[in-house]
Amino acid sequence: MAHFYLSAAHKSSGKTTLSIGLCAALAVRGLTVQPFKKGPDYIDPLWLSAAAGSPCSSLDLHVEPRDAVYRRFQQRMRGADIGVIEGNKGLYDGLSLDGSDSNAAVAKLIEAPVVLVIDTRGMTRGIAPLLQGYVGFDKELSIAGVILNQVGGARHEGKLRAAVEMYTDIPVVGAIPRDQRLSIDERHLGLMPSNEHRDAREKIDTIRKVVEAHTDIDKIIDIACSAGNPEQKELPAEVAAEAVADVVTIGVARDAAFGFYYAEDLQAFHAAGASIEYFDTINDKTLPNVDALFIGGGFPESAMQELEDNESMRAAISDFIESGKPAYAECGGLMYLCRSLKWRDKQCRMVGVIDADVVMDKRPQGRGYVSVEETLQHPWADDEQPATVAAHEFHYSRLENLRQDYDFAYDVRRGYGINGKSDGLIHKNLLASYTHLRDVTGSHWVRRFVGFVRRCKERGQECLK
């Protein structure tokens with residue numbers, strides 16, 4: 001079970017670009033590559049999935065217990081030749097002061113050797129004490145290689161290599177020059193998603209060629225092969241999905257405006273007895289024949305004119321929700337279902353089933369991990385109802401002119417949500433939230449939502465609220 005963990009001293013060191021390039025380079029060699037991303041993220045996994053040719057899996061100790069994260073890694077690695085795990089922020093960074101949810105903690109949990117990416121701008125001999133500190137901070141962690149990034153030229157590279165070789169035992173496995181071809185357009189939440197990037201495949205190939213030319217791929221494979229073997233550990237057996245006779249169909253919006261979905265959450269729909277029909281809010285004129293809707297996150301503001309222009313789709317979604325059929329919307333989906341969306345002095349009409357106007361701000365309105373407690377009004381309430389849910393939010397938008405008599409599914413304990421106190425706006429059988437859920441141990445939201453859809457389908461008009 002070959003795998004390695006790509007981390008860094010701090011965020012914006014180039015981890016994502018290098019992860020994309022390495023995934024693509026390993027895949028071109030004919031290897032079955034399984035990508036992973038630590039923490040909450042939608043955009044990087046889209047690029048990693050495209051580069052590797054396999055859906056990226058998320059590993060997050062904040063929303064799942066250690067044994068569940070371990071099991072997730074083990075299961076996703078079955079059938080893979082090599083695993084590439086991209087960290088977030090710095091190697092030792094996390095919410096907890098003791099580092100229990102850090103990249104280092106995940107690397108140790110899955111017995112992954114670490115390849116450290118160092119942004120070397122303005123640095124020569126100083127790289128040595130930096131690496132010494134990272135190695136000495138946690139003796140249980142294996143830092144097996146370093147990639148020098150943003151190298152200024154041959155002379156700069158020579159000084160860096162000499163310092164690393166003289167003062168440390170860490171092999172230099174790559175030296176990436178400053179190269180504009182490696183850049184990917186950015187937005188307020190990070191990189192432009194690959195589902196919006198018109199030349200995503202070409203960009204991935206360009207990054208791959210640069211990374212191949214300036215890293216020792218064979219040495220990185222050797223490092224990956226030195227990893228521990230998680231399969232040797234015994235884990236609690238996962239409960240198998242029950243066979244369901246009555247399959248319901250969920251319409252999922254997936255296009256240039258909406259693409260923020262965890263691959264494993266989409267897979268969980270099948271296990272819960274649901275099939276998925278994808279639809280395009282920009283180009284399709286009407287909805288497919290489905291029992292419920294799921295409109296995930298994305299950047300509706302970047303396509304708001306196209307969304308406004310597709311009047312027939314907006315009308316179809318409005319009719320669907322107003323008829324009492326179940327729907328779930330997260331963040332960008334919530335924005336799309338409101339009355340209007342304003343960004344950069346331009347305002348466009350949206351679906352209009354939520355009596356509110358969306359305004360994009362220059363500063364984040366909610367960003368990071370959240371903790372929400374379900375209220376008695378939550379429409380999916382069942383025997384599995386958790387007391388609190390660990391999730392995340394990423395939004396620069398806020399709601400204005402919100403009607404005041406809405407019920408909410410969540411009380412916000414950490415984070416912001418819709419108004420700093422509540423999230424999960426309820427309208428008939430619609431639940432719309434800034435909170436992004438993950439289907440994980442202790443919070444199987446997909447199964448609960450599908451169960452709610454099935455109950456609504458059985459009850460018909462009696463399910464109207």
# chains A, B, ... in the order shown; residues from 1 in each chain; ligands from 1
>>> residues_around(residues="His156 of chain A", least_positions_apart="2", cutoff="10 Å", atoms="only C-alpha atoms", output="ChimeraX atom specification")
/A:120-124,151-154,158-161,177
>>> select_by_dssp(residues="segment 60-268 of chain A", states="helix (DSSP H, G or I)", output="tab-separated table (two decimals) with N, CA and C atoms, in the first residue's frame")
chain	number	residue	atom	x	y	z
A	66	ARG	N	-11.00	9.00	14.69
A	66	ARG	CA	-9.78	8.47	14.10
A	66	ARG	C	-9.99	7.13	13.39
A	67	ASP	N	-10.72	6.23	14.02
A	67	ASP	CA	-10.87	4.91	13.39
A	67	ASP	C	-11.68	5.01	12.09
A	68	ALA	N	-12.61	5.97	12.01
A	68	ALA	CA	-13.40	6.14	10.79
A	68	ALA	C	-12.54	6.73	9.67
A	69	VAL	N	-11.67	7.69	10.00
A	69	VAL	CA	-10.76	8.24	9.01
A	69	VAL	C	-9.81	7.16	8.51
A	70	TYR	N	-9.34	6.35	9.44
A	70	TYR	CA	-8.43	5.24	9.09
A	70	TYR	C	-9.13	4.27	8.15
A	71	ARG	N	-10.37	3.93	8.47
A	71	ARG	CA	-11.12	2.99	7.64
A	71	ARG	C	-11.38	3.57	6.25
A	72	ARG	N	-11.70	4.86	6.21
A	72	ARG	CA	-11.95	5.52	4.92
A	72	ARG	C	-10.70	5.42	4.03
A	73	PHE	N	-9.53	5.70	4.63
A	73	PHE	CA	-8.29	5.61	3.86
A	73	PHE	C	-8.06	4.19	3.38
A	74	GLN	N	-8.23	3.24	4.25
A	74	GLN	CA	-8.01	1.83	3.91
A	74	GLN	C	-8.91	1.39	2.76
A	75	GLN	N	-10.17	1.75	2.83
A	75	GLN	CA	-11.12	1.34	1.80
A	75	GLN	C	-10.82	1.98	0.46
A	76	ARG	N	-10.48	3.27	0.46
A	76	ARG	CA	-10.21	3.95	-0.80
A	76	ARG	C	-8.92	3.47	-1.46
A	77	MET	N	-7.99	2.95	-0.67
A	77	MET	CA	-6.72	2.48	-1.22
A	77	MET	C	-6.82	1.09	-1.83
A	103	ASN	N	-2.17	17.91	10.18
A	103	ASN	CA	-1.68	17.07	9.09
A	103	ASN	C	-0.75	15.99	9.62
A	104	ALA	N	0.09	16.36	10.55
A	104	ALA	CA	1.01	15.38	11.13
A	104	ALA	C	0.25	14.23	11.78
A	105	ALA	N	-0.86	14.56	12.45
A	105	ALA	CA	-1.66	13.52	13.09
A	105	ALA	C	-2.24	12.56	12.07
A	106	VAL	N	-2.73	13.09	10.95
A	106	VAL	CA	-3.28	12.23	9.90
A	106	VAL	C	-2.17	11.39	9.28
A	107	ALA	N	-1.01	12.00	9.02
A	107	ALA	CA	0.10	11.26	8.43
A	107	ALA	C	0.53	10.10	9.31
A	108	LYS	N	0.59	10.34	10.62
A	108	LYS	CA	0.96	9.25	11.53
A	108	LYS	C	-0.12	8.19	11.60
A	109	LEU	N	-1.38	8.63	11.56
A	109	LEU	CA	-2.49	7.68	11.64
A	109	LEU	C	-2.46	6.69	10.49
A	127	ILE	N	17.09	27.45	5.11
A	127	ILE	CA	16.23	26.29	4.97
A	127	ILE	C	16.64	25.16	5.92
A	128	ALA	N	17.91	25.13	6.29
A	128	ALA	CA	18.42	24.05	7.13
A	128	ALA	C	17.81	24.06	8.53
A	129	PRO	N	17.87	25.17	9.29
A	129	PRO	CA	17.24	25.15	10.61
A	129	PRO	C	15.72	24.96	10.53
A	130	LEU	N	15.11	25.43	9.45
A	130	LEU	CA	13.67	25.20	9.29
A	130	LEU	C	13.38	23.71	9.23
A	131	LEU	N	14.11	23.00	8.38
A	131	LEU	CA	13.90	21.56	8.26
A	131	LEU	C	14.29	20.82	9.54
A	132	GLN	N	15.37	21.26	10.17
A	132	GLN	CA	15.77	20.63	11.44
A	132	GLN	C	14.65	20.76	12.47
A	133	GLY	N	14.03	21.92	12.52
A	133	GLY	CA	12.94	22.13	13.46
A	133	GLY	C	11.75	21.24	13.17
A	134	TYR	N	11.42	21.09	11.90
A	134	TYR	CA	10.27	20.25	11.55
A	134	TYR	C	10.54	18.79	11.83
A	135	VAL	N	11.76	18.35	11.61
A	135	VAL	CA	12.10	16.96	11.92
A	135	VAL	C	12.11	16.73	13.42
A	136	GLY	N	12.68	17.66	14.17
A	136	GLY	CA	12.82	17.47	15.62
A	136	GLY	C	11.56	17.68	16.40
A	137	PHE	N	10.56	18.37	15.84
A	137	PHE	CA	9.35	18.69	16.58
A	137	PHE	C	8.54	17.45	16.92
A	154	ALA	N	19.48	28.41	-11.13
A	154	ALA	CA	20.45	27.35	-10.84
A	154	ALA	C	21.32	27.68	-9.64
A	155	ARG	N	21.75	28.93	-9.51
A	155	ARG	CA	22.58	29.31	-8.38
A	155	ARG	C	21.81	29.20	-7.06
A	156	HIS	N	20.57	29.69	-7.07
A	156	HIS	CA	19.72	29.59	-5.88
A	156	HIS	C	19.50	28.13	-5.50
A	157	GLU	N	19.23	27.30	-6.48
A	157	GLU	CA	19.01	25.88	-6.22
A	157	GLU	C	20.26	25.23	-5.62
A	158	GLY	N	21.41	25.58	-6.16
A	158	GLY	CA	22.66	25.00	-5.66
A	158	GLY	C	22.89	25.33	-4.19
A	159	LYS	N	22.64	26.56	-3.79
A	159	LYS	CA	22.82	26.95	-2.39
A	159	LYS	C	21.83	26.21	-1.47
A	160	LEU	N	20.59	26.08	-1.93
A	160	LEU	CA	19.59	25.39	-1.14
A	160	LEU	C	19.95	23.91	-0.96
A	161	ARG	N	20.32	23.28	-2.05
A	161	ARG	CA	20.68	21.85	-1.98
A	161	ARG	C	21.89	21.64	-1.06
A	162	ALA	N	22.87	22.52	-1.16
A	162	ALA	CA	24.07	22.38	-0.33
A	162	ALA	C	23.72	22.49	1.15
A	163	ALA	N	22.85	23.42	1.50
A	163	ALA	CA	22.48	23.61	2.90
A	163	ALA	C	21.68	22.41	3.42
A	164	VAL	N	20.77	21.91	2.61
A	164	VAL	CA	19.96	20.76	3.04
A	164	VAL	C	20.85	19.53	3.22
A	165	GLU	N	21.77	19.30	2.28
A	165	GLU	CA	22.63	18.12	2.33
A	165	GLU	C	23.63	18.20	3.48
A	166	MET	N	24.12	19.41	3.81
A	166	MET	CA	25.12	19.55	4.87
A	166	MET	C	24.50	19.40	6.26
A	167	TYR	N	23.31	19.96	6.46
A	167	TYR	CA	22.78	20.05	7.81
A	167	TYR	C	21.62	19.08	8.13
A	180	GLN	N	5.32	30.78	-14.52
A	180	GLN	CA	3.95	31.24	-14.63
A	180	GLN	C	3.01	30.16	-15.18
A	181	ARG	N	3.56	29.19	-15.86
A	181	ARG	CA	2.72	28.11	-16.41
A	181	ARG	C	2.09	27.26	-15.31
A	182	LEU	N	2.63	27.35	-14.10
A	182	LEU	CA	2.10	26.56	-12.98
A	182	LEU	C	0.93	27.23	-12.29
A	200	ALA	N	-8.92	22.96	-18.40
A	200	ALA	CA	-8.44	22.22	-17.23
A	200	ALA	C	-7.50	21.09	-17.61
A	201	ARG	N	-7.86	20.31	-18.64
A	201	ARG	CA	-7.01	19.17	-19.03
A	201	ARG	C	-5.65	19.66	-19.53
A	202	GLU	N	-5.68	20.72	-20.32
A	202	GLU	CA	-4.43	21.27	-20.84
A	202	GLU	C	-3.57	21.82	-19.70
A	203	LYS	N	-4.21	22.48	-18.72
A	203	LYS	CA	-3.48	23.02	-17.58
A	203	LYS	C	-2.85	21.89	-16.76
A	204	ILE	N	-3.58	20.81	-16.55
A	204	ILE	CA	-3.04	19.66	-15.80
A	204	ILE	C	-1.83	19.07	-16.53
A	205	ASP	N	-1.92	18.94	-17.84
A	205	ASP	CA	-0.80	18.39	-18.61
A	205	ASP	C	0.42	19.30	-18.54
A	206	THR	N	0.19	20.61	-18.57
A	206	THR	CA	1.31	21.55	-18.46
A	206	THR	C	1.99	21.43	-17.10
A	207	ILE	N	1.19	21.40	-16.05
A	207	ILE	CA	1.75	21.25	-14.71
A	207	ILE	C	2.52	19.94	-14.60
A	208	ARG	N	1.93	18.87	-15.14
A	208	ARG	CA	2.60	17.55	-15.09
A	208	ARG	C	3.98	17.61	-15.73
A	209	LYS	N	4.09	18.22	-16.89
A	209	LYS	CA	5.37	18.24	-17.60
A	209	LYS	C	6.42	19.02	-16.82
A	210	VAL	N	6.03	20.13	-16.20
A	210	VAL	CA	6.99	20.90	-15.40
A	210	VAL	C	7.42	20.10	-14.18
A	211	VAL	N	6.46	19.47	-13.51
A	211	VAL	CA	6.78	18.69	-12.31
A	211	VAL	C	7.66	17.50	-12.68
A	212	GLU	N	7.34	16.81	-13.76
A	212	GLU	CA	8.17	15.68	-14.19
A	212	GLU	C	9.61	16.11	-14.48
A	213	ALA	N	9.76	17.30	-15.05
A	213	ALA	CA	11.10	17.77	-15.43
A	213	ALA	C	11.95	18.17	-14.23
A	214	HIS	N	11.30	18.46	-13.10
A	214	HIS	CA	12.05	19.03	-11.97
A	214	HIS	C	11.89	18.25	-10.67
A	217	ILE	N	10.67	11.49	-9.79
A	217	ILE	CA	9.46	10.69	-9.61
A	217	ILE	C	9.79	9.31	-9.06
A	218	ASP	N	10.88	8.72	-9.52
A	218	ASP	CA	11.26	7.38	-9.02
A	218	ASP	C	11.55	7.42	-7.53
A	219	LYS	N	12.23	8.48	-7.08
A	219	LYS	CA	12.53	8.58	-5.65
A	219	LYS	C	11.25	8.79	-4.85
A	220	ILE	N	10.31	9.56	-5.38
A	220	ILE	CA	9.05	9.77	-4.68
A	220	ILE	C	8.27	8.45	-4.58
A	221	ILE	N	8.32	7.66	-5.63
A	221	ILE	CA	7.67	6.34	-5.57
A	221	ILE	C	8.34	5.46	-4.51
A	222	ASP	N	9.68	5.54	-4.44
A	222	ASP	CA	10.39	4.78	-3.39
A	222	ASP	C	9.95	5.22	-2.00
A	223	ILE	N	9.78	6.52	-1.82
A	223	ILE	CA	9.32	7.04	-0.52
A	223	ILE	C	7.92	6.50	-0.22
A	224	ALA	N	7.06	6.52	-1.23
A	224	ALA	CA	5.69	6.01	-1.04
A	224	ALA	C	5.70	4.53	-0.67
A	225	CYS	N	6.62	3.78	-1.25
A	225	CYS	CA	6.70	2.34	-0.97
A	225	CYS	C	7.24	2.05	0.43
A	230	PRO	N	-1.58	0.01	6.46
A	230	PRO	CA	-2.76	0.06	7.33
A	230	PRO	C	-3.61	-1.20	7.28
A	231	GLU	N	-3.52	-1.99	6.21
A	231	GLU	CA	-4.35	-3.19	6.11
A	231	GLU	C	-4.02	-4.20	7.21
A	232	GLN	N	-2.85	-4.07	7.81
A	232	GLN	CA	-2.45	-5.01	8.84
A	232	GLN	C	-3.17	-4.76	10.16
A	263	ALA	N	-17.24	13.29	-3.28
A	263	ALA	CA	-17.46	12.08	-4.07
A	263	ALA	C	-18.12	10.99	-3.23
A	264	GLU	N	-17.69	10.85	-1.99
A	264	GLU	CA	-18.23	9.78	-1.16
A	264	GLU	C	-19.66	10.07	-0.72
A	265	ASP	N	-20.05	11.34	-0.63
A	265	ASP	CA	-21.44	11.67	-0.33
A	265	ASP	C	-22.33	11.26	-1.50
A	266	LEU	N	-21.87	11.51	-2.72
A	266	LEU	CA	-22.65	11.10	-3.89
A	266	LEU	C	-22.76	9.58	-3.95
A	267	GLN	N	-21.68	8.89	-3.60
A	267	GLN	CA	-21.72	7.43	-3.58
A	267	GLN	C	-22.67	6.91	-2.51
A	268	ALA	N	-22.82	7.69	-1.43
A	268	ALA	CA	-23.71	7.26	-0.34
A	268	ALA	C	-25.18	7.24	-0.75
>>> residues_around(residues="segment 249-261 of chain A", least_positions_apart="2", cutoff="8 Å", atoms="only C-alpha atoms", output="PyMOL selection string")
chain A and resi 42-43+195-196+247+263+265-266+274-282+287-288+290-303+332-333
>>> select_by_dssp(residues="segment 249-352 of chain A", states="strand (DSSP E or B)", output="ChimeraX atom specification")
/A:249-253,258-260,274-279,292-295,297-298,327-330,338-343,346-349
>>> residues_around(residues="segment 60-64 of chain A", least_positions_apart="2", cutoff="8 Å", atoms="only C-alpha atoms", output="mmCIF file with C-alpha atoms, in the first residue's frame")
data_model
loop_
_atom_site.group_PDB
_atom_site.id
_atom_site.type_symbol
_atom_site.label_atom_id
_atom_site.label_comp_id
_atom_site.auth_asym_id
_atom_site.auth_seq_id
_atom_site.Cartn_x
_atom_site.Cartn_y
_atom_site.Cartn_z
ATOM 1 C CA LYS A 38 -6.990 16.625 4.283
ATOM 2 C CA GLY A 39 -9.735 18.760 5.757
ATOM 3 C CA PRO A 40 -12.787 20.462 4.283
ATOM 4 C CA SER A 58 -11.341 13.710 2.078
ATOM 5 C CA ARG A 66 -9.778 8.467 14.101
ATOM 6 C CA ALA A 68 -13.400 6.141 10.789
ATOM 7 C CA VAL A 69 -10.759 8.242 9.008
ATOM 8 C CA ASP A 101 -6.277 17.146 14.214
ATOM 9 C CA VAL A 106 -3.279 12.235 9.900
ATOM 10 C CA ALA A 390 -19.543 19.067 12.882
ATOM 11 C CA ALA A 391 -19.407 20.609 9.421
ATOM 12 C CA ARG A 438 -20.366 15.504 5.130
ATOM 13 C CA VAL A 440 -19.543 10.506 7.896
ATOM 14 C CA THR A 441 -19.715 8.233 10.914
ATOM 15 C CA GLY A 442 -22.209 9.712 13.358
#
>>> closest_residue(among="A:Lys285, A:Lys139, A:His378, A:Lys15", to="His427 of chain A", atoms="only C-alpha atoms")
A:His378
>>> residues_around(residues="Val28 of chain A", least_positions_apart="4", cutoff="9 Å", atoms="only C-alpha atoms", output="ChimeraX atom specification")
/A:23-24,52
>>> write_last_selection(atoms="C-alpha atoms", output="CSV table (one decimal), in the first residue's frame")
chain,number,residue,atom,x,y,z
A,23,CYS,CA,-1.0,12.7,-9.5
A,24,ALA,CA,-0.9,13.3,-13.3
A,52,ALA,CA,-5.5,11.2,-11.1
>>> residues_around(residues="segment 335-338 of chain A", least_positions_apart="2", cutoff="7 Å", atoms="only C-alpha atoms", output="list in words")
Pro300, Cys331, Gly332, Gly333, Ser340, Met350, Val351, Gly352, Val353, Ile354, Asp355, Ala356, Asp357 and Val358 of chain A
>>> residues_around(residues="segment 406-423 of chain A", least_positions_apart="6", cutoff="12 Å", atoms="only C-alpha atoms", output="PyMOL selection string")
chain A and resi 328-331+334-335+354-356+358+364-381+385-400+429-436+465
>>> write_last_selection(atoms="C-alpha atoms", output="PDB file, in the first residue's frame")
ATOM      1  CA  TYR A 328     -31.789  20.297  -0.164  1.00  0.00           C
ATOM      2  CA  ALA A 329     -29.479  23.221  -1.001  1.00  0.00           C
ATOM      3  CA  GLU A 330     -26.040  24.120   0.345  1.00  0.00           C
ATOM      4  CA  CYS A 331     -24.425  27.561   0.164  1.00  0.00           C
ATOM      5  CA  LEU A 334     -29.127  28.519  -1.124  1.00  0.00           C
ATOM      6  CA  MET A 335     -28.025  31.642  -2.997  1.00  0.00           C
ATOM      7  CA  ILE A 354     -36.672  32.043  -0.616  1.00  0.00           C
ATOM      8  CA  ASP A 355     -37.789  35.544   0.292  1.00  0.00           C
ATOM      9  CA  ALA A 356     -34.344  37.119   0.538  1.00  0.00           C
ATOM     10  CA  VAL A 358     -28.143  37.739  -1.728  1.00  0.00           C
ATOM     11  CA  PRO A 364     -15.698  36.369   4.310  1.00  0.00           C
ATOM     12  CA  GLN A 365     -19.036  36.128   6.092  1.00  0.00           C
ATOM     13  CA  GLY A 366     -18.435  32.554   7.225  1.00  0.00           C
ATOM     14  CA  ARG A 367     -15.314  30.477   6.719  1.00  0.00           C
ATOM     15  CA  GLY A 368     -14.060  27.337   8.439  1.00  0.00           C
ATOM     16  CA  TYR A 369     -15.409  24.648  10.712  1.00  0.00           C
ATOM     17  CA  VAL A 370     -18.872  24.994  12.195  1.00  0.00           C
ATOM     18  CA  SER A 371     -20.813  23.183  14.877  1.00  0.00           C
ATOM     19  CA  VAL A 372     -24.604  23.196  14.610  1.00  0.00           C
ATOM     20  CA  GLU A 373     -27.283  21.712  16.820  1.00  0.00           C
ATOM     21  CA  GLU A 374     -30.436  20.406  15.188  1.00  0.00           C
ATOM     22  CA  THR A 375     -33.722  21.997  16.188  1.00  0.00           C
ATOM     23  CA  LEU A 376     -37.069  20.256  16.571  1.00  0.00           C
ATOM     24  CA  GLN A 377     -38.089  21.790  13.227  1.00  0.00           C
ATOM     25  CA  HIS A 378     -35.491  19.831  11.241  1.00  0.00           C
ATOM     26  CA  PRO A 379     -37.489  18.129   8.451  1.00  0.00           C
ATOM     27  CA  TRP A 380     -35.312  15.012   8.275  1.00  0.00           C
ATOM     28  CA  ALA A 381     -35.668  14.164  11.988  1.00  0.00           C
ATOM     29  CA  GLN A 385     -30.912  12.440  14.692  1.00  0.00           C
ATOM     30  CA  PRO A 386     -27.542  13.643  16.085  1.00  0.00           C
ATOM     31  CA  ALA A 387     -27.440  16.229  18.857  1.00  0.00           C
ATOM     32  CA  THR A 388     -24.748  18.287  17.153  1.00  0.00           C
ATOM     33  CA  VAL A 389     -23.141  18.168  13.735  1.00  0.00           C
ATOM     34  CA  ALA A 390     -19.543  19.067  12.882  1.00  0.00           C
ATOM     35  CA  ALA A 391     -19.407  20.609   9.421  1.00  0.00           C
ATOM     36  CA  HIS A 392     -17.960  23.612   7.583  1.00  0.00           C
ATOM     37  CA  GLU A 393     -18.908  26.797   5.719  1.00  0.00           C
ATOM     38  CA  PHE A 394     -17.224  28.943   3.061  1.00  0.00           C
ATOM     39  CA  HIS A 395     -19.106  32.011   1.898  1.00  0.00           C
ATOM     40  CA  TYR A 396     -18.593  35.656   1.097  1.00  0.00           C
ATOM     41  CA  SER A 397     -22.326  36.169   0.585  1.00  0.00           C
ATOM     42  CA  ARG A 398     -25.023  37.209   3.036  1.00  0.00           C
ATOM     43  CA  LEU A 399     -28.795  37.434   2.937  1.00  0.00           C
ATOM     44  CA  GLU A 400     -30.630  40.756   3.033  1.00  0.00           C
ATOM     45  CA  ASN A 429     -39.941  20.576   2.217  1.00  0.00           C
ATOM     46  CA  LEU A 430     -36.865  22.586   1.302  1.00  0.00           C
ATOM     47  CA  LEU A 431     -33.866  22.762   3.631  1.00  0.00           C
ATOM     48  CA  ALA A 432     -31.376  25.439   2.510  1.00  0.00           C
ATOM     49  CA  SER A 433     -28.195  26.069   4.449  1.00  0.00           C
ATOM     50  CA  TYR A 434     -24.802  27.741   4.361  1.00  0.00           C
ATOM     51  CA  THR A 435     -23.516  24.723   6.301  1.00  0.00           C
ATOM     52  CA  HIS A 436     -21.801  22.087   4.161  1.00  0.00           C
ATOM     53  CA  LYS A 465     -46.117  21.889   4.958  1.00  0.00           C
TER      54      LYS A 465
END
>>> closest_residue(among="A:Gln150, A:Thr168, A:Ser142, A:Arg448", to="Phe269 of chain A", atoms="only C-alpha atoms")
A:Arg448
>>> closest_atom_pairs(of="segment 11-35 of chain A", to="segment 86-90 of chain A", cutoff="9 Å", atoms="only C-alpha atoms", output="Markdown table")
| residue | atom | partner | partner_atom | distance |
| --- | --- | --- | --- | --- |
| A:Lys11 | CA | A:Lys89 | CA | 4.1 |
| A:Ser12 | CA | A:Lys89 | CA | 7.6 |
| A:Ser13 | CA | A:Lys89 | CA | 8.6 |
| A:Lys15 | CA | A:Glu86 | CA | 6.9 |
| A:Thr16 | CA | A:Glu86 | CA | 7.0 |
| A:Ser19 | CA | A:Glu86 | CA | 6.4 |
| A:Pro35 | CA | A:Glu86 | CA | 7.8 |
